[in-house]
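Data file: coords02.cif. Format and content: mmCIF, C-alpha atoms.
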data_upload
#
loop_
_atom_site.label_atom_id
_atom_site.label_comp_id
_atom_site.auth_asym_id
_atom_site.auth_seq_id
_atom_site.Cartn_x
_atom_site.Cartn_y
_atom_site.Cartn_z
CA MET W 1 234.68 242.73 5.21
CA ASN W 2 234.87 241.75 8.86
CA ILE W 3 235.31 238.21 10.09
CA LYS W 4 231.66 237.75 10.87
CA ALA W 5 230.55 238.89 7.45
CA PHE W 6 233.17 236.60 5.96
CA LEU W 7 231.86 233.63 7.94
CA ALA W 8 228.33 234.48 6.94
CA VAL W 9 229.30 234.57 3.29
CA THR W 10 231.20 231.29 3.39
CA GLY W 11 228.29 229.75 5.30
CA ALA W 12 225.96 230.83 2.51
CA ALA W 13 228.26 229.36 -0.12
CA ALA W 14 228.15 226.02 1.67
CA LEU W 15 224.38 226.22 1.73
CA VAL W 16 224.02 226.91 -1.95
CA ALA W 17 226.38 224.02 -2.59
CA SER W 18 224.31 221.72 -0.38
CA GLY W 19 221.21 222.57 -2.40
CA ALA W 20 219.26 224.39 0.34
CA LEU W 21 217.91 227.87 -0.11
CA ALA W 22 220.23 230.68 -1.07
CA GLN W 23 220.36 233.28 1.69
CA GLN W 24 221.08 236.93 2.14
CA THR W 25 224.15 237.51 4.27
CA GLY W 26 226.03 240.24 6.08
CA PRO W 27 225.41 243.95 5.68
CA ASP W 28 225.18 245.07 2.04
CA ASP W 29 227.38 247.76 0.48
CA ASP W 30 224.69 250.34 -0.27
CA ARG W 31 225.07 254.03 0.54
CA LEU W 32 222.38 256.09 2.19
CA VAL W 33 221.70 259.62 1.00
CA VAL W 34 218.39 261.09 2.13
CA ASN W 35 216.55 263.62 -0.06
CA ASN W 36 219.66 263.82 -2.27
CA GLU W 37 221.02 265.95 0.50
CA ILE W 38 221.78 264.26 3.82
CA GLU W 39 224.76 261.90 3.60
CA VAL W 40 224.21 259.27 6.26
CA VAL W 41 227.20 257.17 7.23
CA THR W 42 225.91 253.67 7.93
CA ASP W 43 229.07 252.01 9.21
CA ALA W 44 231.78 253.13 11.57
CA PRO W 45 234.59 251.69 13.67
CA ALA W 46 233.12 250.19 16.83
CA PRO W 47 233.53 252.38 19.92
CA ASP W 48 236.34 251.31 22.27
CA HIS W 49 234.00 249.91 24.88
CA MET W 50 232.83 247.16 22.49
CA GLU W 51 235.14 244.19 22.89
CA PHE W 52 233.77 241.77 20.33
CA VAL W 53 232.73 243.90 17.36
CA ARG W 54 235.07 245.75 15.05
CA THR W 55 232.63 247.63 12.79
CA ILE W 56 229.17 248.90 13.63
CA TYR W 57 226.41 249.01 11.01
CA SER W 58 223.07 250.73 10.82
CA GLY W 59 220.09 248.38 10.54
CA TRP W 60 219.43 250.01 7.14
CA ARG W 61 222.30 247.98 5.67
CA PHE W 62 220.51 244.72 6.44
CA ARG W 63 217.21 245.56 4.77
CA SER W 64 216.08 244.80 1.22
CA ASP W 65 216.64 247.34 -1.56
CA GLU W 66 212.90 248.11 -1.65
CA THR W 67 212.73 248.83 2.08
CA GLN W 68 215.96 250.82 1.91
CA SER W 69 214.71 253.03 -0.88
CA LEU W 70 211.64 254.12 1.12
CA GLN W 71 213.98 255.84 3.54
CA MET W 72 215.87 257.77 0.88
CA ASP W 73 213.19 260.38 0.25
CA ASP W 74 210.81 261.90 2.77
CA PHE W 75 208.01 261.80 0.20
CA ASP W 76 208.35 258.02 0.02
CA ASN W 77 208.98 257.51 3.73
CA PRO W 78 205.61 256.59 5.28
CA ALA W 79 206.79 257.81 8.69
CA PHE W 80 206.46 261.40 7.50
CA VAL W 81 202.69 261.27 7.74
CA PHE W 82 203.29 261.00 11.49
CA VAL W 83 206.01 263.64 11.46
CA ASP W 84 203.48 266.02 9.87
CA GLN W 85 201.03 265.32 12.69
CA ALA W 86 203.79 266.11 15.18
CA ILE W 87 204.49 269.43 13.41
CA ASP W 88 200.82 270.31 13.98
CA ASP W 89 201.21 269.41 17.66
CA TRP W 90 204.41 271.41 17.85
CA ASN W 91 202.59 274.51 16.71
CA ALA W 92 199.29 273.92 18.51
CA GLU W 93 198.52 276.31 21.35
CA MET W 94 197.62 273.53 23.71
CA GLY W 95 199.12 274.63 27.02
CA ALA W 96 197.04 275.87 29.97
CA ASN W 97 197.97 279.45 29.06
CA GLY W 98 197.93 278.95 25.33
CA GLU W 99 201.56 277.91 25.05
CA SER W 100 202.79 275.80 22.18
CA CYS W 101 206.14 274.03 21.83
CA ALA W 102 206.89 276.68 19.20
CA SER W 103 206.24 279.58 21.55
CA CYS W 104 209.22 278.53 23.69
CA HIS W 105 211.43 276.78 21.13
CA GLU W 106 210.65 278.36 17.73
CA GLY W 107 210.91 275.72 14.98
CA PRO W 108 211.61 272.02 15.56
CA GLU W 109 215.05 272.62 13.94
CA SER W 110 216.03 274.29 17.20
CA MET W 111 216.22 270.75 18.57
CA ARG W 112 218.87 269.69 16.06
CA GLY W 113 221.58 267.75 17.89
CA LEU W 114 219.51 266.61 20.83
CA ARG W 115 218.53 263.20 19.48
CA ALA W 116 222.19 262.31 18.94
CA GLU W 117 223.05 262.84 22.62
CA LEU W 118 220.14 261.06 24.26
CA PRO W 119 219.75 259.41 26.65
CA ARG W 120 221.89 261.70 28.82
CA TRP W 121 222.23 262.77 32.42
CA ASP W 122 219.86 265.55 33.38
CA GLU W 123 221.44 267.62 36.11
CA ASP W 124 218.21 269.16 37.47
CA ALA W 125 216.30 265.90 37.57
CA GLY W 126 219.33 263.95 38.80
CA GLU W 127 218.59 261.00 36.51
CA VAL W 128 219.10 259.68 32.99
CA TYR W 129 216.70 261.41 30.61
CA THR W 130 215.30 260.18 27.31
CA MET W 131 213.48 262.20 24.64
CA GLU W 132 210.15 261.03 26.00
CA MET W 133 211.03 262.39 29.42
CA TYR W 134 212.00 265.82 28.05
CA VAL W 135 208.79 266.06 26.04
CA ASN W 136 206.70 265.13 29.06
CA GLU W 137 208.57 267.49 31.33
CA CYS W 138 207.57 270.40 29.08
CA ARG W 139 204.00 269.19 28.95
CA THR W 140 203.55 268.76 32.69
CA GLU W 141 205.90 271.39 34.18
CA ARG W 142 205.67 274.18 31.61
CA MET W 143 202.34 273.75 29.86
CA GLY W 144 200.09 272.36 32.60
CA LEU W 145 199.15 269.36 30.51
CA ASP W 146 198.96 265.63 31.22
CA ALA W 147 201.96 263.52 30.33
CA TRP W 148 201.71 261.61 27.07
CA GLY W 149 202.00 257.84 27.40
CA TRP W 150 205.58 256.73 26.65
CA ASN W 151 204.39 254.64 23.76
CA SER W 152 201.36 256.73 22.75
CA GLN W 153 200.86 257.75 19.13
CA ASP W 154 201.39 261.42 20.00
CA MET W 155 204.68 260.66 21.72
CA ARG W 156 205.96 258.42 18.92
CA ASN W 157 205.05 261.11 16.40
CA MET W 158 206.87 263.79 18.38
CA THR W 159 210.00 261.67 18.85
CA ALA W 160 209.97 261.02 15.09
CA LEU W 161 209.88 264.77 14.39
CA LEU W 162 212.65 265.44 16.90
CA ALA W 163 214.78 262.64 15.42
CA SER W 164 214.26 263.90 11.86
CA VAL W 165 215.87 267.28 12.57
CA SER W 166 219.08 265.52 13.75
CA ARG W 167 219.48 263.26 10.76
CA GLY W 168 223.05 262.96 9.58
CA LEU W 169 224.56 263.85 12.96
CA PRO W 170 226.74 261.24 14.66
CA ILE W 171 225.32 259.45 17.68
CA ASN W 172 227.38 260.51 20.66
CA VAL W 173 226.03 259.45 24.03
CA ALA W 174 228.12 259.65 27.17
CA THR W 175 229.08 256.37 28.81
CA ASP W 176 230.80 257.65 31.92
CA GLY W 177 230.34 260.31 34.55
CA PRO W 178 226.96 260.27 36.25
CA VAL W 179 225.37 257.92 33.65
CA ARG W 180 227.91 255.19 34.36
CA ALA W 181 225.75 253.16 36.78
CA ALA W 182 222.85 253.10 34.33
CA TRP W 183 225.20 252.20 31.48
CA GLU W 184 226.61 249.25 33.45
CA LYS W 185 223.10 248.08 34.25
CA GLY W 186 222.14 248.30 30.59
CA LYS W 187 225.20 246.32 29.63
CA GLU W 188 224.32 243.61 32.11
CA ILE W 189 220.82 243.35 30.63
CA TYR W 190 222.28 243.21 27.11
CA TYR W 191 224.34 240.15 27.96
CA THR W 192 221.78 238.31 30.12
CA ARG W 193 220.22 235.24 28.54
CA PHE W 194 216.55 235.73 29.34
CA GLY W 195 213.56 233.45 29.19
CA GLN W 196 213.03 229.80 28.47
CA LEU W 197 214.97 230.14 25.20
CA GLU W 198 217.88 231.66 27.15
CA LEU W 199 218.78 234.29 24.57
CA ALA W 200 220.57 237.56 25.21
CA CYS W 201 220.52 240.60 22.93
CA ALA W 202 224.15 239.70 22.24
CA ASN W 203 223.29 236.21 20.98
CA CYS W 204 221.30 237.63 18.10
CA HIS W 205 222.78 241.10 17.51
CA GLU W 206 226.45 240.64 18.37
CA ASP W 207 227.26 236.96 17.72
CA ASN W 208 224.97 236.43 14.74
CA TYR W 209 224.24 239.67 12.93
CA GLY W 210 224.26 239.14 9.20
CA ARG W 211 222.83 235.64 9.60
CA MET W 212 219.27 234.49 9.13
CA ILE W 213 217.04 233.42 12.00
CA ARG W 214 214.18 231.82 10.14
CA ALA W 215 213.02 234.56 7.71
CA ASP W 216 214.64 237.43 9.60
CA HIS W 217 217.97 238.89 8.56
CA LEU W 218 219.63 239.83 11.83
CA SER W 219 221.11 243.31 12.15
CA GLN W 220 223.19 244.61 15.02
CA GLY W 221 220.03 245.84 16.73
CA GLN W 222 221.19 249.47 16.57
CA THR W 223 218.83 252.25 17.65
CA ASN W 224 220.07 255.11 15.44
CA GLY W 225 217.03 254.69 13.17
CA PHE W 226 214.39 255.03 15.90
CA PRO W 227 211.56 255.54 16.03
CA VAL W 228 211.27 253.19 13.05
CA TYR W 229 208.29 252.90 10.73
CA ARG W 230 207.55 249.19 10.48
CA LEU W 231 205.78 248.17 7.31
CA LYS W 232 204.37 245.13 9.12
CA GLN W 233 202.68 247.37 11.68
CA ALA W 234 202.10 250.35 9.37
CA ASN W 235 203.12 252.60 12.23
CA LEU W 236 206.01 254.02 14.24
CA VAL W 237 207.69 251.73 16.77
CA SER W 238 209.51 253.13 19.79
CA LYS W 239 212.81 251.76 21.08
CA HIS W 240 211.28 250.39 24.23
CA ASN W 241 208.55 248.65 22.27
CA ARG W 242 211.20 246.99 20.12
CA PHE W 243 213.13 245.89 23.23
CA ARG W 244 209.94 244.49 24.68
CA GLY W 245 209.25 242.51 21.51
CA CYS W 246 212.76 241.10 21.35
CA ILE W 247 212.68 239.98 25.00
CA ARG W 248 209.19 238.55 24.64
CA ASP W 249 210.48 236.41 21.77
CA THR W 250 212.84 234.67 24.18
CA ARG W 251 209.81 233.40 26.12
CA ALA W 252 210.70 235.75 28.96
CA GLU W 253 208.86 238.12 31.24
CA THR W 254 209.77 241.47 29.71
CA PHE W 255 210.45 244.78 31.42
CA SER W 256 207.91 247.57 30.97
CA ILE W 257 208.11 250.41 28.52
CA GLY W 258 209.56 253.41 30.36
CA SER W 259 211.03 251.25 33.16
CA PRO W 260 214.46 252.04 34.67
CA GLU W 261 215.71 248.78 33.12
CA PHE W 262 214.72 249.83 29.59
CA ILE W 263 216.09 253.35 30.09
CA ALA W 264 219.41 251.79 31.12
CA LEU W 265 219.28 249.40 28.16
CA GLU W 266 218.41 252.29 25.83
CA LEU W 267 221.52 254.15 26.99
CA TYR W 268 223.78 251.12 26.62
CA VAL W 269 222.45 250.15 23.18
CA ALA W 270 222.71 253.78 22.01
CA SER W 271 226.36 253.79 23.09
CA ARG W 272 227.01 250.74 20.91
CA GLY W 273 226.00 253.00 18.04
CA ASN W 274 228.32 255.90 18.88
CA GLY W 275 229.70 256.95 15.49
CA LEU W 276 226.67 255.92 13.42
CA MET W 277 224.32 258.71 12.42
CA VAL W 278 220.79 259.59 13.41
CA GLU W 279 218.44 258.19 10.77
CA GLY W 280 215.08 258.33 12.47
CA PRO W 281 212.38 257.96 11.47
CA SER W 282 213.71 255.05 9.42
CA VAL W 283 211.81 252.33 7.56
CA ARG W 284 211.95 248.64 8.43
CA ASN W 285 210.04 245.56 7.28
CA MET G 1 210.70 212.00 44.20
CA LYS G 2 207.08 212.55 45.10
CA ARG G 3 207.39 216.26 44.33
CA ALA G 4 209.12 215.54 41.07
CA LEU G 5 206.36 213.14 40.14
CA LEU G 6 203.71 215.71 40.98
CA SER G 7 205.41 218.42 38.96
CA ALA G 8 205.87 216.00 36.09
CA ILE G 9 202.15 215.37 36.17
CA ALA G 10 201.40 219.09 36.37
CA ALA G 11 203.68 219.74 33.39
CA GLY G 12 202.10 216.85 31.53
CA LEU G 13 198.63 218.29 32.02
CA VAL G 14 199.52 221.35 30.00
CA ALA G 15 201.81 219.73 27.51
CA ALA G 16 200.50 216.24 26.67
CA PRO G 17 198.07 213.53 27.66
CA ALA G 18 199.17 211.93 30.93
CA LEU G 19 200.34 208.48 29.79
CA ALA G 20 202.89 209.35 27.13
CA GLN G 21 204.72 211.85 29.29
CA GLY G 22 207.70 209.69 30.17
CA ILE G 23 210.68 210.50 32.37
CA ALA G 24 210.51 213.99 33.91
CA PRO G 25 213.19 216.48 32.79
CA THR G 26 214.64 216.56 36.31
CA GLN G 27 214.83 212.75 36.48
CA VAL G 28 216.74 212.11 33.26
CA ALA G 29 219.77 209.81 33.68
CA TRP G 30 222.73 211.53 31.99
CA GLU G 31 225.64 209.56 30.64
CA GLU G 32 229.00 211.36 30.84
CA GLU G 33 226.91 214.51 31.50
CA VAL G 34 226.06 214.93 27.80
CA ALA G 35 224.13 211.92 26.48
CA ILE G 36 220.93 210.05 27.38
CA ALA G 37 221.06 206.32 26.68
CA SER G 38 217.47 205.24 27.23
CA PRO G 39 214.45 206.64 25.43
CA LEU G 40 212.40 209.10 27.51
CA THR G 41 209.16 207.21 26.79
CA ASP G 42 208.27 203.64 25.97
CA THR G 43 206.02 204.60 23.08
CA ALA G 44 207.49 203.93 19.61
CA PRO G 45 208.74 207.18 18.04
CA ASP G 46 206.92 208.74 15.09
CA VAL G 47 209.51 209.76 12.47
CA GLU G 48 206.98 211.70 10.41
CA ASN G 49 205.96 213.78 13.43
CA GLY G 50 209.65 214.42 14.11
CA ARG G 51 209.98 215.80 10.58
CA ILE G 52 206.99 218.11 11.17
CA LEU G 53 208.42 219.37 14.48
CA MET G 54 211.61 220.47 12.69
CA ASN G 55 209.47 223.17 11.11
CA LYS G 56 206.66 223.80 13.55
CA GLY G 57 205.73 224.59 17.12
CA ALA G 58 208.27 224.77 19.90
CA GLY G 59 210.81 222.76 17.85
CA ASN G 60 211.19 225.13 14.91
CA CYS G 61 214.71 223.76 14.43
CA ILE G 62 215.09 225.20 10.93
CA ALA G 63 214.85 228.69 12.43
CA CYS G 64 218.55 228.10 13.04
CA HIS G 65 219.54 224.99 11.03
CA GLN G 66 219.58 224.01 7.38
CA VAL G 67 218.41 220.54 6.36
CA THR G 68 218.53 219.44 2.72
CA ASP G 69 215.78 216.87 3.35
CA LEU G 70 213.48 219.80 4.28
CA ALA G 71 214.46 221.97 1.31
CA ASP G 72 210.77 222.18 0.28
CA LEU G 73 210.18 224.38 3.34
CA PRO G 74 211.16 228.06 3.08
CA PHE G 75 213.50 230.04 5.34
CA HIS G 76 216.13 227.85 6.92
CA GLY G 77 218.23 229.91 9.32
CA ASP G 78 222.02 229.77 9.39
CA ILE G 79 222.75 230.34 13.07
CA GLY G 80 223.55 226.67 13.68
CA PRO G 81 225.31 224.11 11.46
CA SER G 82 223.59 222.13 8.71
CA LEU G 83 222.04 219.02 10.17
CA ASP G 84 222.77 216.95 7.07
CA GLY G 85 224.60 213.86 8.27
CA VAL G 86 223.95 214.32 12.02
CA GLY G 87 222.56 210.79 12.16
CA ALA G 88 226.01 209.53 11.18
CA ARG G 89 228.01 212.03 13.26
CA TRP G 90 226.29 211.42 16.58
CA SER G 91 224.95 208.35 18.39
CA GLU G 92 221.28 208.14 19.30
CA ALA G 93 222.16 208.80 22.96
CA GLU G 94 224.14 211.91 22.01
CA LEU G 95 221.38 213.24 19.78
CA ARG G 96 218.90 212.76 22.63
CA GLY G 97 221.26 214.64 24.95
CA ILE G 98 221.81 217.49 22.47
CA LEU G 99 218.07 217.94 22.05
CA ALA G 100 217.27 217.72 25.75
CA ASP G 101 219.98 220.16 26.89
CA ALA G 102 222.45 221.23 24.20
CA LYS G 103 224.40 223.37 26.66
CA ARG G 104 225.94 220.21 28.14
CA MET G 105 227.52 219.11 24.86
CA PHE G 106 228.21 222.66 23.62
CA PRO G 107 228.80 224.96 26.60
CA GLY G 108 227.46 228.46 25.93
CA THR G 109 225.66 227.44 22.74
CA MET G 110 222.76 229.52 21.50
CA MET G 111 220.68 226.36 20.99
CA PRO G 112 217.77 226.25 23.46
CA SER G 113 217.44 223.40 25.96
CA PHE G 114 214.28 221.63 24.87
CA TYR G 115 213.88 219.26 27.80
CA ARG G 116 214.92 221.25 30.82
CA THR G 117 212.69 223.06 33.29
CA GLU G 118 215.05 224.82 35.68
CA GLY G 119 217.66 227.55 35.81
CA PHE G 120 216.02 230.22 33.63
CA VAL G 121 216.08 234.00 34.14
CA ARG G 122 212.63 235.67 34.09
CA VAL G 123 210.72 232.84 32.44
CA GLY G 124 207.63 234.09 30.69
CA GLU G 125 204.26 232.54 29.87
CA ALA G 126 205.07 231.38 26.32
CA TYR G 127 205.33 234.46 24.05
CA THR G 128 203.04 236.77 26.04
CA GLY G 129 205.84 238.68 27.77
CA LYS G 130 204.10 238.02 31.10
CA ALA G 131 205.66 236.18 34.02
CA LYS G 132 205.16 232.43 34.07
CA GLU G 133 202.98 231.26 36.94
CA GLY G 134 203.44 227.75 38.30
CA GLU G 135 205.61 224.93 37.00
CA VAL G 136 207.61 225.39 33.81
CA ALA G 137 206.81 222.76 31.17
CA PRO G 138 209.72 221.75 28.91
CA LEU G 139 209.69 223.25 25.40
CA LEU G 140 209.10 219.79 23.94
CA THR G 141 207.44 216.75 25.51
CA ALA G 142 209.35 213.52 26.07
CA GLN G 143 207.55 211.97 23.12
CA GLU G 144 208.39 214.92 20.86
CA ILE G 145 212.07 214.56 21.77
CA GLU G 146 211.89 210.87 20.82
CA ASP G 147 210.12 211.69 17.55
CA LEU G 148 212.83 214.24 16.70
CA VAL G 149 215.66 211.85 17.62
CA SER G 150 214.18 209.23 15.33
CA TYR G 151 213.98 211.78 12.51
CA LEU G 152 217.57 213.03 13.04
CA LYS G 153 218.78 209.41 12.87
CA THR G 154 217.56 209.32 9.26
CA LEU G 155 219.91 212.18 8.31
CA LYS G 156 222.89 210.02 7.38
CA TYR G 157 224.39 211.75 4.36
CA GLN G 158 226.24 215.08 4.06
#

Represent the supplied structure as structure tokens.
Amino acid sequence: MNIKAFLAVTGAAALVASGALAQQTGPDDDRLVVNNEIEVVTDAPAPDHMEFVRTIYSGWRFRSDETQSLQMDDFDNPAFVFVDQAIDDWNAEMGANGESCASCHEGPESMRGLRAELPRWDEDAGEVYTMEMYVNECRTERMGLDAWGWNSQDMRNMTALLASVSRGLPINVATDGPVRAAWEKGKEIYYTRFGQLELACANCHEDNYGRMIRADHLSQGQTNGFPVYRLKQANLVSKHNRFRGCIRDTRAETFSIGSPEFIALELYVASRGNGLMVEGPSVRN
Amino acid sequence: MKRALLSAIAAGLVAAPALAQGIAPTQVAWEEEVAIASPLTDTAPDVENGRILMNKGAGNCIACHQVTDLADLPFHGDIGPSLDGVGARWSEAELRGILADAKRMFPGTMMPSFYRTEGFVRVGEAYTGKAKEGEVAPLLTAQEIEDLVSYLKTLKYQ
């Protein structure tokens, strides 16, 4: 148990003693095996670049048993309705000359490994690339199609499919070399206290994970489970949409989905999960 | 002064009826940088409203704090300490200061500054995610701060 979890537990003991409501605390000890097959490691030593956290945890470890169990079998995981739609898109001959994703890439399994490395530097484009950007590059440059909206249903479905084929692989994004400037920018955003409530990502997800903020059990805000299926929304949620929601909740002007700021933040937050495994599409409340 | 008065009125228009608006956030007289000796309004505080604000609206104090007196309400957060006994631990002036701008008493604290209007990064229009246009109103009105102070003063026992 790390210090923070220890504090959270002792805090809860004090609460029970004082007669207030008993609370859930810290990450739980459950193990995640998907489809009785994929062993997903949900904690790992924090990467060296993280100064204030010793162990990193998947958000799965902070959810209730019921929510957790939905992610343990693809037949129970509601996100797979959307993955199935993406498989149809993958195979559809939708390009200007009848191309499909499959005609260039064969099955979606050919993309195994990609999700774990993104965002990464793209040499040809000369910028940091996310999954959305790769998908759209194929659509516009190779298939003669319009770009999908970053947060469109089609795009979220496709990113869910492309995450699913990398499940169980360790997140391993680069933090130096040509991505360094973006990584630094993302880090600065992570520690900036935005909005009238003056809250940084770090206030909730680094200083207070494991604790309750009103009815929400705070996780480390890791992105290894994205896109996530949120039961509340009954749909897939993209990383940038989650970032936007978290910043909006500080009574701040947010950045836009797909903006350079959110791409930088996506890279930095992904790097805080280096060592956890790809879980997407995961299930959250 | 004139500008401050105007902005106080502008803030008041959104937040509360003009008369009860009290001393503007920028005009507060701080004692030792952390406490506020005189009430922000001259209207008698409403303890019952203070109790309601602990749970509702821009106060929402139990998002982070536990309070045994409010145990009938669900979901007390545990980011901040239990407020049981704060009325005995702190003077009225200190409680007023902590509510108005907790970062003075507790540098770097996560607790929001409820009666401050300056120094924010990318302030939004409430929870819309859009940029705030015009003057920033404090999270709580002067009267709401007084109502909350009067409620916290009742929390004498651990």

- Query: Residues of chain G within 10 Å of chain W, using only C-alpha atoms, as a ChimeraX atom specification?
  - Reply: /G:55,60-82,84,109-114,116-132,136-139,158

- Query: What's the 10 Å shell around Gln153 (chain W), counting only C-alpha atoms, without same-chain residues fewer than 4 positions away, as a ChimeraX atom specification?
  - Reply: /W:82,85-86,148-149,157-159,235-238

- Item | Distance in Å - CA of Asp43 (chain W) versus CA of Cys201 (chain W) | 19.8 Å

- Given the file above and the PyMOL selection byres ((chain G and resi 25) around 7), which residues are selected, and can you give them as a list in words?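 Expected selection for the PyMOL selection byres ((chain G and resi 25) around 7) here is Ile23, Ala24, Thr26, Gln27, Val28, Tyr115, Arg116 and Thr117 of chain G.
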
- Task: Would you kindly translate the PyMOL selection byres ((chain G and resi 42) around 9) into the concrete residues it picks from this file, as a PyMOL selection string?
- Result: chain G and resi 20+22+39-41+43-45+143

- Report as a ChimeraX atom specification the full result of the PyMOL selection byres ((chain W and resi 268-270) around 6) when it is applied to this structure. /W:183,186-187,265-267,271-273

- Within 10 Å of Leu53 (chain G), counting all atoms listed in the file, which residues qualify if same-chain residues fewer than 3 places away don't, as a list of chain:residue names? G:Val47, G:Glu48, G:Asn49, G:Gly50, G:Lys56, G:Gly57, G:Ala58, G:Gly59, G:Asn60, G:Cys61, G:Ile62, G:Leu140, G:Glu144, G:Ile145, G:Asp147, G:Leu148, G:Tyr151

- Query: Which of these, W:His49, W:Arg156, W:His205, W:Arg284, has the shortest distance to Asn241 (chain W) once you count all atoms listed in the file?
  - Reply: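 Checking each of W:His49, W:Arg156, W:His205, W:Arg284 against Asn241 (chain W), counting all atoms listed in the file, the winner is W:Arg156.
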